[in-house]
Amino acid sequence: MSKIDQPALLLGRSLLAFYFILPGVAKFAAWQTHIDLMNHHNVPFAYPLLFLAAIANFVLGGLLLANRHVQSAAYGCVLYILLVNFNLHDFWNFSGIEGAHETQNFVKNLGILAGCLILAGFTSKQAK
């Protein structure tokens, strides 16, 4: 790996980590807001799922930030994003501004998912 690759990998991995850690903090800081959002999208078992989501945010983001089990954490982030996208960014159930907003979030999350897949793939090559 060239010298420039290491800083890019560190920065990219760290930014992905914060993409998960900061929403974990937000879930606890604005608990009821997140419960209301989940209820608006008809997510069942909102309370336990929100708690699990917050913990997943901290664990997955923390592993990425600490550069530990990066490939597994990146694949965990992929799974997390898929669950969030299909349960909270269900643009097909909305129209107008709300539908456009959910579409934007859905597509944005696909970009983050792609970054996680690239990180997982790159990490597996680096480990060999």
# chains A, B, ... in the order shown; residues from 1 in each chain; ligands from 1
$ residues_around --residues "range 11-16 of chain A" --least-positions-apart "5" --cutoff "12 Å" --atoms "only C-alpha atoms" --output "ChimeraX atom specification"
/A:4-6,21-23,57-58,60-68,70-71,73-74,77-78,109,111-120,122-123
$ residues_around --residues "His41 in chain A" --least-positions-apart "4" --cutoff "8 Å" --atoms "only C-alpha atoms" --output "ChimeraX atom specification"
/A:37,87-88,90
$ write_last_selection --atoms "N, CA and C atoms" --output "compact mmCIF listing (two decimals), in the first residue's frame"
# COMPACT_ATOMS: atom_id res chain seq x y z
N LEU A 37 -40.51 8.82 15.49
CA LEU A 37 -40.16 8.55 14.09
C LEU A 37 -40.43 7.09 13.74
N ASN A 87 -36.90 -0.03 6.79
CA ASN A 87 -37.88 0.21 7.84
C ASN A 87 -38.14 1.69 8.12
N LEU A 88 -37.14 2.54 7.90
CA LEU A 88 -37.32 3.96 8.23
C LEU A 88 -37.26 4.90 7.03
N ASP A 90 -38.73 4.24 3.98
CA ASP A 90 -39.67 3.57 3.09
C ASP A 90 -40.40 4.60 2.21
$ atom_distance --atom1 "CA of Asn93 in chain A" --atom2 "CA of Pro48 in chain A"
23.8 Å
$ residues_around --residues "Thr33 in chain A" --least-positions-apart "6" --cutoff "12 Å" --atoms "only C-alpha atoms" --output "JSON, numbers by chain"
{"A": [26, 27, 39, 40, 46, 47, 50]}
$ residues_around --residues "Phe91 in chain A" --least-positions-apart "4" --cutoff "10 Å" --atoms "only C-alpha atoms" --output "mmCIF file with N, CA and C atoms, in the first residue's frame"
data_model
loop_
_atom_site.group_PDB
_atom_site.id
_atom_site.type_symbol
_atom_site.label_atom_id
_atom_site.label_comp_id
_atom_site.auth_asym_id
_atom_site.auth_seq_id
_atom_site.Cartn_x
_atom_site.Cartn_y
_atom_site.Cartn_z
ATOM 1 N N ASN A 85 -32.817 1.299 6.150
ATOM 2 C CA ASN A 85 -33.384 1.762 4.883
ATOM 3 C C ASN A 85 -34.779 1.211 4.641
ATOM 4 N N PHE A 86 -34.962 -0.073 4.850
ATOM 5 C CA PHE A 86 -36.251 -0.670 4.520
ATOM 6 C C PHE A 86 -37.313 -0.462 5.597
ATOM 7 N N ASN A 87 -36.903 -0.033 6.785
ATOM 8 C CA ASN A 87 -37.881 0.210 7.841
ATOM 9 C C ASN A 87 -38.140 1.686 8.116
ATOM 10 N N SER A 95 -45.485 10.366 -0.161
ATOM 11 C CA SER A 95 -45.488 11.182 -1.376
ATOM 12 C C SER A 95 -45.070 12.595 -1.007
ATOM 13 N N GLY A 96 -44.954 13.433 -2.013
ATOM 14 C CA GLY A 96 -44.630 14.836 -1.790
ATOM 15 C C GLY A 96 -43.247 15.009 -1.185
ATOM 16 N N GLU A 98 -42.249 14.618 1.888
ATOM 17 C CA GLU A 98 -41.834 13.517 2.766
ATOM 18 C C GLU A 98 -41.300 12.339 1.950
ATOM 19 N N GLY A 99 -41.951 12.021 0.849
ATOM 20 C CA GLY A 99 -41.468 10.956 -0.027
ATOM 21 C C GLY A 99 -40.107 11.292 -0.619
ATOM 22 N N ALA A 100 -39.945 12.534 -1.037
ATOM 23 C CA ALA A 100 -38.658 12.979 -1.598
ATOM 24 C C ALA A 100 -37.553 12.914 -0.544
ATOM 25 N N HIS A 101 -37.880 13.313 0.675
ATOM 26 C CA HIS A 101 -36.908 13.275 1.769
ATOM 27 C C HIS A 101 -36.485 11.834 2.067
ATOM 28 N N GLU A 102 -37.457 10.924 2.117
ATOM 29 C CA GLU A 102 -37.137 9.520 2.398
ATOM 30 C C GLU A 102 -36.350 8.899 1.242
ATOM 31 N N THR A 103 -36.671 9.277 0.010
ATOM 32 C CA THR A 103 -35.900 8.787 -1.139
ATOM 33 C C THR A 103 -34.450 9.249 -1.042
ATOM 34 N N GLN A 104 -34.268 10.514 -0.706
ATOM 35 C CA GLN A 104 -32.916 11.065 -0.569
ATOM 36 C C GLN A 104 -32.136 10.318 0.507
ATOM 37 N N ASN A 105 -32.759 10.066 1.655
ATOM 38 C CA ASN A 105 -32.079 9.339 2.734
ATOM 39 C C ASN A 105 -31.769 7.910 2.330
ATOM 40 N N PHE A 106 -32.700 7.269 1.630
ATOM 41 C CA PHE A 106 -32.507 5.892 1.179
ATOM 42 C C PHE A 106 -31.281 5.805 0.265
#
$ atom_distance --atom1 "CA of Val43 in chain A" --atom2 "CA of Ala17 in chain A"
25.3 Å
$ atom_distance --atom1 "CA of Val84 in chain A" --atom2 "CA of Leu10 in chain A"
25.6 Å
$ select_by_dssp --residues "chain A" --states "alpha helix (DSSP H)" --output "PyMOL selection string"
chain A and resi 5-29+31-40+46-66+70-88+96-127
